[in-house]
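Structure first, commentary second.
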Amino acid sequence: MAQERGHYQQWQKVKQDFPYGIWRVGNCQNHREAHLARDGKIYAFDHPIWTQSPPGGEFNCHCYRELISAKDMKERGLSPEPLDS
Ligand SMILES: [Zn+2]
């Protein structure tokens, strides 16, 4: 399985295989600008975004995370955001 959604604790169990997460905005009318700006961006498991302002963590937020392996990320020509972004 190349993609998998999950909570942070569950992600921890599979982070060897899926060390990165893609931010996805969910199906919602009023997205936060900050979240729209993150749509499709890749953040490593250790990126503070996942613990400090995680997808779906705020009222009415339908954002979610799609896990991706390093291999898939390379194959798609993608790269993760810097840890301090
Ligand atoms: Zn959101």
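Within each chain, counting starts at residue 1; across the structure tokens, chains are named A, B, ... in the order shown, with ligands numbered 1 upward in that order.
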
- request: Pick out the residues no farther than 10 Å from ligand 1, counting only C-alpha atoms and all ligand atoms, and list them as JSON, numbers by chain.
  value: {"A": [23, 24, 25, 26, 27, 28, 30, 31, 32, 33, 34, 35, 36, 37, 38, 39, 53, 54, 55, 56, 57, 58, 59, 60, 61, 62, 63, 64]}

message: To test your reading of the structure, identify every residue in chain A that backbone DSSP assigns to alpha helix (DSSP H), and report it as number ranges by chain.
response: A: 8-14, 33-36, 49-52, 70-75

Got time to write the residues from that selection, N, CA and C atoms, as a JSON list (two decimals), in the first residue's frame?
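Listing of again_27.json after writing:
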[["chain", "number", "residue", "atom", "x", "y", "z"],
["A", 8, "TYR", "N", -1.39, 10.34, 14.35],
["A", 8, "TYR", "CA", 0.05, 10.45, 14.54],
["A", 8, "TYR", "C", 0.63, 9.23, 15.25],
["A", 9, "GLN", "N", -0.07, 8.73, 16.25],
["A", 9, "GLN", "CA", 0.44, 7.55, 16.97],
["A", 9, "GLN", "C", 0.51, 6.33, 16.06],
["A", 10, "GLN", "N", -0.51, 6.21, 15.21],
["A", 10, "GLN", "CA", -0.51, 5.08, 14.29],
["A", 10, "GLN", "C", 0.57, 5.25, 13.24],
["A", 11, "TRP", "N", 0.78, 6.51, 12.85],
["A", 11, "TRP", "CA", 1.80, 6.79, 11.86],
["A", 11, "TRP", "C", 3.17, 6.36, 12.38],
["A", 12, "GLN", "N", 3.38, 6.60, 13.68],
["A", 12, "GLN", "CA", 4.66, 6.26, 14.29],
["A", 12, "GLN", "C", 5.03, 4.80, 14.04],
["A", 13, "LYS", "N", 4.01, 3.94, 14.01],
["A", 13, "LYS", "CA", 4.27, 2.51, 13.81],
["A", 13, "LYS", "C", 4.72, 2.19, 12.40],
["A", 14, "VAL", "N", 4.37, 3.04, 11.46],
["A", 14, "VAL", "CA", 4.70, 2.74, 10.06],
["A", 14, "VAL", "C", 5.66, 3.77, 9.45],
["A", 33, "GLU", "N", -6.83, 29.92, 5.14],
["A", 33, "GLU", "CA", -5.81, 30.28, 4.15],
["A", 33, "GLU", "C", -4.50, 29.53, 4.42],
["A", 34, "ALA", "N", -4.15, 29.45, 5.68],
["A", 34, "ALA", "CA", -2.90, 28.78, 6.05],
["A", 34, "ALA", "C", -2.93, 27.32, 5.65],
["A", 35, "HIS", "N", -4.12, 26.71, 5.71],
["A", 35, "HIS", "CA", -4.23, 25.30, 5.37],
["A", 35, "HIS", "C", -4.23, 25.10, 3.87],
["A", 36, "LEU", "N", -4.89, 26.01, 3.15],
["A", 36, "LEU", "CA", -4.87, 25.93, 1.69],
["A", 36, "LEU", "C", -3.44, 26.04, 1.17],
["A", 49, "ILE", "N", 4.84, 20.68, 12.39],
["A", 49, "ILE", "CA", 3.48, 20.98, 11.96],
["A", 49, "ILE", "C", 2.49, 19.90, 12.39],
["A", 50, "TRP", "N", 2.94, 18.66, 12.41],
["A", 50, "TRP", "CA", 2.04, 17.55, 12.72],
["A", 50, "TRP", "C", 1.61, 17.52, 14.18],
["A", 51, "THR", "N", 2.46, 18.08, 15.05],
["A", 51, "THR", "CA", 2.10, 18.09, 16.46],
["A", 51, "THR", "C", 1.58, 19.46, 16.90],
["A", 52, "GLN", "N", 2.07, 20.53, 16.26],
["A", 52, "GLN", "CA", 1.69, 21.87, 16.69],
["A", 52, "GLN", "C", 0.38, 22.35, 16.07],
["A", 70, "ALA", "N", 9.42, 7.30, 0.96],
["A", 70, "ALA", "CA", 10.49, 8.07, 0.34],
["A", 70, "ALA", "C", 10.59, 7.72, -1.15],
["A", 71, "LYS", "N", 10.37, 6.44, -1.45],
["A", 71, "LYS", "CA", 10.44, 5.98, -2.84],
["A", 71, "LYS", "C", 9.37, 6.65, -3.70],
["A", 72, "ASP", "N", 8.13, 6.63, -3.21],
["A", 72, "ASP", "CA", 7.04, 7.25, -3.96],
["A", 72, "ASP", "C", 7.27, 8.75, -4.14],
["A", 73, "MET", "N", 7.78, 9.36, -3.09],
["A", 73, "MET", "CA", 8.03, 10.79, -3.17],
["A", 73, "MET", "C", 9.03, 11.10, -4.28],
["A", 74, "LYS", "N", 10.10, 10.31, -4.33],
["A", 74, "LYS", "CA", 11.11, 10.52, -5.37],
["A", 74, "LYS", "C", 10.54, 10.27, -6.75],
["A", 75, "GLU", "N", 9.76, 9.20, -6.86],
["A", 75, "GLU", "CA", 9.19, 8.85, -8.16],
["A", 75, "GLU", "C", 8.26, 9.94, -8.68]]

Distance query Asp84 (chain A) at most 12 Å, only C-alpha atoms, self and fewer than 6 positions along chain excluded, as a VMD selection string: chain A and resid 43 to 44 46 to 49

Would you save the residues from that selection as a tab-separated table (two decimals), in the first residue's frame, using N, CA and C atoms?
chain	number	residue	atom	x	y	z
A	43	TYR	N	5.51	17.05	4.41
A	43	TYR	CA	6.24	17.31	5.65
A	43	TYR	C	6.70	15.98	6.24
A	44	ALA	N	7.93	15.96	6.70
A	44	ALA	CA	8.47	14.75	7.31
A	44	ALA	C	7.75	14.45	8.63
A	46	ASP	N	8.88	14.09	11.46
A	46	ASP	CA	9.40	14.89	12.56
A	46	ASP	C	9.07	16.38	12.45
A	47	HIS	N	8.41	16.78	11.37
A	47	HIS	CA	8.08	18.20	11.21
A	47	HIS	C	7.11	18.64	12.31
A	48	PRO	N	7.39	19.79	12.94
A	48	PRO	CA	6.54	20.24	14.07
A	48	PRO	C	5.09	20.51	13.67
A	49	ILE	N	4.84	20.68	12.39
A	49	ILE	CA	3.48	20.98	11.96
A	49	ILE	C	2.49	19.90	12.39

- line: Using only C-alpha atoms, the best pick from A:Ile22, A:Arg65, A:Gln16, A:Gln29 as closest to Ile42 (chain A) would be A:Ile22

- request: Just give me the gap between CA of Ser85 (chain A) and CA of Pro19 (chain A) in Å, one decimal is fine.
  value: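 Computing the Euclidean distance for CA of Ser85 (chain A) and CA of Pro19 (chain A) yields 17.4 Å.
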